[in-house]
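The structure appears right after this line, and notes come after that.
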Amino acid sequence: MSHHIVKFENVTFIYPDGTSALKGISFTINHGESVGVVGANGSGKTTLLMHLNGYLLPTSGTIKIGDLILNKKTRIEIRKKVGVVFQNPDDQLFMPTVYEDVAFGPINMGLDEHSVDFKVRNALEIVGCYDLKNKPPHHLSGGQKRAVAIASVISMDPDILAMDEPSSNLDPKSRRALINLLKSFKHTKIIASHDLDMILDVCERCIVIKDGVVVADGPSNIILSDQKLLEENNLELPLILQRR
Amino acid sequence: MNFDREFFNLGYLDRLSYKDTIIHNIDARVKVIGAIAYIIAVLSFPKYAVIPLIPFFSFQIFSIIIGEIPISFIIKRIFVVSPFILFIAIFNPFFDRNTAFYLFNIPISYGILSFFSILIKFVLTVSIIIILISTTSFSGLCYAMRCFKVPEIFVNQLLFMYRYIFVLAEEAMRMVRAKELRSFNKKGLELKFYVKLAGNLLIRSLNRAERIYYAMLSRGYNGNMPYNKRKKLGFPDLLFILIILIMIYFFRFLEPVNSMGRFILRLIR
């Protein structure tokens, strides 16, 4: 299957205030791959993720998601294919109850009541939060918020999951649960994070970004054990590799 | 710290509305209709009416007992808004000095009557609204407003306000704490600090609004806020509204206090 590929070709992006965040990024992600995007603070990871479903459109270069080239017309269609989970779950969970939040996407897709209910139930059961469905988001713990945020995206059945720092602010147990959850997904995954141990665990491939360009792209276990490369990018060896 | 306490107070009202009692479980639409009918009935009494208003307190008494709402909580809220109404009513006794009747040889003027009438109407209507809010989930209230064709934009405003007031208050609380931990009880810069706090919060919430909008867009938001249909009104809901409306009609038009008074007088004679 080739229709779930993500292809960036020489993508640049300049913010309205003149900051150029992406300076010619190219890569191809194939169907079912899980890819970690790492880099220093301010290297352009978040900007890159905001391009994935067309919140930002590239200043130059092309982005191809599946068979569609991202532009103003296709971005509605692309948003159904790419689910983005944000860094701060409080930004993502904006409805008064968990159920309504997870149902937001499916209802917008025009599904009837019955299939909306089915999708919500399914998504919440996958992340293990079905019992919380009538709670308001501000009564959830950090780990629960994160899980519900993921459910609110997978209820739309996206082909591609993009996540910004999914493991930040989680206690070790919740983090482990998240990693196991991510491993169980068959979607194409793109994860931007500083949690290199998680990337090593979840992603087989890793892209390193520095100042808006790709400086390394390859198998995670090779890239994440290259101490020199990592230190040049304000990173360090994953803890699990440091013990050796 | 004062601010912390206020913050947890805010959450208290919210937590009250998640209890599981008969009143909490009645459909929000029915409760809103009941509250509106109640308010119209109370406000429609003539301006010197005092005694006929008294039976209306029975609604509050019942819902406080059944809905397990702490009465001190309601009284506190009423006190917070009372200065406004006191200022409106306080001049009535001075302007309207015609004597209405004598109570144990003390002349009671029409002004005093209307003063108490305004006061009682105020306590009745405000407390019924507080009871409505503390026994109904906010999303239920918003759903009810949608059903009554309140413009979508107002309902959405309320929904977002409710969702983010906690986030915003927590942010403010953290900033106040950070300030207090480094100010060593030094006074004098308070006002300046709070001005900056307000500005800072505004900028933060603008940024947050943009991120939320992005989150909505990425889940297919197209200008219409989707919502789930709720279940239809059940028998208990209809029974509830029927009883409420009959009681309101009874108290408003049949003047039970007058007839009761006449009845007792007749017994005495």
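Every chain in the structure tokens has a letter given in the order shown (A, B, ...), and although residue numbers restart at 1 in each chain, ligands are simply numbered from 1 in the order shown.
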Tell me as a short mmCIF file (atom, residue, chain, number, x, y, z; two decimals) with N, CA and C atoms, in the first residue's frame which residues belonging to chain A come within 8 Å of chain B, counting only C-alpha atoms.
data_model
loop_
_atom_site.label_atom_id
_atom_site.label_comp_id
_atom_site.auth_asym_id
_atom_site.auth_seq_id
_atom_site.Cartn_x
_atom_site.Cartn_y
_atom_site.Cartn_z
N ASN A 53 -1.01 18.62 8.87
CA ASN A 53 -2.41 18.63 8.45
C ASN A 53 -2.86 20.02 7.99
N TYR A 55 -2.29 23.18 8.94
CA TYR A 55 -2.59 24.40 9.69
C TYR A 55 -1.69 25.51 9.16
N ILE A 76 -8.75 20.13 4.01
CA ILE A 76 -9.87 19.55 4.75
C ILE A 76 -9.82 18.03 4.65
N ARG A 79 -6.95 16.63 6.67
CA ARG A 79 -7.16 16.61 8.12
C ARG A 79 -7.87 15.35 8.58
N LYS A 80 -8.64 14.73 7.68
CA LYS A 80 -9.29 13.47 8.05
C LYS A 80 -8.28 12.33 8.08
N GLY A 83 -4.12 12.63 12.07
CA GLY A 83 -4.56 13.06 13.40
C GLY A 83 -3.38 13.64 14.15
N VAL A 84 -3.55 14.84 14.70
CA VAL A 84 -2.45 15.47 15.43
C VAL A 84 -2.78 15.51 16.91
N PHE A 86 -1.62 17.15 20.43
CA PHE A 86 -0.83 18.31 20.79
C PHE A 86 -0.02 18.10 22.05
N ASP A 90 -4.59 20.25 27.44
CA ASP A 90 -5.63 21.24 27.73
C ASP A 90 -6.04 22.02 26.49
N ASP A 91 -5.12 22.14 25.53
CA ASP A 91 -5.48 22.82 24.30
C ASP A 91 -6.32 21.92 23.41
N GLN A 92 -6.14 20.63 23.57
CA GLN A 92 -6.81 19.71 22.67
C GLN A 92 -8.21 19.34 23.16
N PHE A 94 -11.31 20.55 24.40
CA PHE A 94 -11.98 21.83 24.60
C PHE A 94 -13.46 21.67 24.86
N MET A 95 -13.99 20.46 24.80
CA MET A 95 -15.42 20.30 25.02
C MET A 95 -15.69 20.04 26.52
N PRO A 96 -16.94 20.24 26.95
CA PRO A 96 -17.22 20.13 28.39
C PRO A 96 -17.11 18.72 28.97
N THR A 97 -17.33 17.70 28.19
CA THR A 97 -17.13 16.36 28.73
C THR A 97 -16.24 15.53 27.81
N GLU A 100 -18.11 14.16 24.70
CA GLU A 100 -18.34 15.14 23.63
C GLU A 100 -17.06 15.50 22.91
N PHE A 104 -16.29 14.94 18.90
CA PHE A 104 -16.20 16.16 18.09
C PHE A 104 -15.79 15.87 16.65
N GLY A 105 -14.70 15.11 16.49
CA GLY A 105 -14.22 14.79 15.15
C GLY A 105 -15.22 13.99 14.33
N ILE A 107 -18.43 13.63 14.59
CA ILE A 107 -19.64 14.37 14.22
C ILE A 107 -19.33 15.34 13.09
N ASN A 108 -18.17 15.98 13.16
CA ASN A 108 -17.78 16.90 12.08
C ASN A 108 -17.60 16.19 10.75
N MET A 109 -17.27 14.90 10.83
CA MET A 109 -17.11 14.15 9.59
C MET A 109 -18.46 13.77 9.00
N GLU A 113 -25.55 9.34 14.31
CA GLU A 113 -25.44 9.20 15.76
C GLU A 113 -24.90 7.84 16.18
N PRO A 137 -13.05 17.54 31.38
CA PRO A 137 -11.60 17.38 31.25
C PRO A 137 -10.81 17.94 32.43
N HIS A 138 -11.32 19.01 33.09
CA HIS A 138 -10.49 19.57 34.15
C HIS A 138 -10.50 18.73 35.42
N VAL A 153 -8.36 11.77 18.84
CA VAL A 153 -7.82 11.74 17.48
C VAL A 153 -8.10 10.40 16.81
N MET A 156 -11.32 9.40 14.87
CA MET A 156 -11.55 9.80 13.48
C MET A 156 -10.94 8.81 12.50
#
| request: Could you pull out the residues in range 34-171 of chain A that DSSP calls helix (DSSP H, G or I) from the backbone, as a PyMOL selection string? | output: chain A and resi 45-52+75-81+89-92+98-108+113-126+130-132+137-139+142-154
| request: Show which residues sit within 8 Å of range 63-70 of chain A, as a PyMOL selection string. Count only C-alpha atoms, and ignore same-chain residues fewer than 3 positions away. | output: chain A and resi 2-9+11+54+57-58+73-75+78
| field | Residues near range 45-52 of chain B, cut-off 8 Å, only C-alpha atoms, skip fewer than 6 positions along chain, as a PyMOL selection string | value | chain B and resi 110+113-114+116-118+120+251-252+255-258
| query | Skipping near chain neighbours, those fewer than 3 positions away, what residues fall within 12 Å of Ile223 in chain A using only C-alpha atoms, listed as JSON, numbers by chain? | reply | {"A": [36, 37, 38, 196, 199, 200, 203, 204, 205, 206, 207, 208, 215, 216, 217, 218, 219, 220, 226, 227, 228, 229, 230, 231, 233, 235, 236, 237, 238, 241]}
| task | For Leu132 in chain B, work out the shell of residues within 9 Å, counting only C-alpha atoms and skipping chain neighbours fewer than 4 positions away, then give it as a PyMOL selection string. | result | chain B and resi 28+31-32+35+127-128+136
Selected residues, all heavy atoms, written as a tab-separated table (two decimals), in the first residue's frame, please.
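Just written: selection.tsv:
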chain	number	residue	atom	x	y	z
B	28	ALA	N	-32.07	18.78	32.13
B	28	ALA	CA	-31.73	20.20	32.27
B	28	ALA	C	-32.79	21.11	31.63
B	28	ALA	O	-33.12	22.16	32.18
B	28	ALA	CB	-30.37	20.48	31.63
B	31	LYS	N	-35.62	21.71	33.93
B	31	LYS	CA	-35.26	22.56	35.06
B	31	LYS	C	-35.18	24.02	34.64
B	31	LYS	O	-35.59	24.92	35.38
B	31	LYS	CB	-33.92	22.10	35.65
B	31	LYS	CG	-34.11	20.97	36.63
B	31	LYS	CD	-32.84	20.64	37.37
B	31	LYS	CE	-31.95	19.76	36.54
B	31	LYS	NZ	-30.79	19.24	37.29
B	32	VAL	N	-34.65	24.25	33.43
B	32	VAL	CA	-34.55	25.63	32.95
B	32	VAL	C	-35.95	26.23	32.78
B	32	VAL	O	-36.22	27.35	33.21
B	32	VAL	CB	-33.75	25.69	31.63
B	32	VAL	CG1	-33.84	27.09	31.03
B	32	VAL	CG2	-32.30	25.33	31.89
B	35	ALA	N	-37.32	27.04	36.15
B	35	ALA	CA	-36.70	28.22	36.77
B	35	ALA	C	-37.21	29.51	36.12
B	35	ALA	O	-37.49	30.49	36.81
B	35	ALA	CB	-35.18	28.14	36.65
B	127	SER	N	-31.51	32.96	44.35
B	127	SER	CA	-31.23	31.65	44.93
B	127	SER	C	-31.73	30.53	44.01
B	127	SER	O	-31.10	29.47	43.94
B	127	SER	CB	-31.85	31.53	46.32
B	127	SER	OG	-33.24	31.74	46.23
B	128	ILE	N	-32.81	30.77	43.27
B	128	ILE	CA	-33.28	29.68	42.40
B	128	ILE	C	-32.29	29.46	41.26
B	128	ILE	O	-32.04	28.34	40.83
B	128	ILE	CB	-34.72	29.95	41.86
B	128	ILE	CG1	-35.41	28.62	41.54
B	128	ILE	CG2	-34.73	30.77	40.60
B	128	ILE	CD1	-35.89	27.87	42.72
B	136	THR	N	-27.19	21.27	38.11
B	136	THR	CA	-27.24	20.89	36.71
B	136	THR	C	-25.84	20.98	36.12
B	136	THR	O	-25.13	21.94	36.39
B	136	THR	CB	-28.15	21.86	35.92
B	136	THR	OG1	-29.34	22.03	36.65
B	136	THR	CG2	-28.46	21.33	34.55
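Comparing B:Ser134, B:Asn92, B:Asn98, B:Asn25 by their smallest distance to Ile74 in chain B, the closest is B:Ser134 (using only C-alpha atoms).
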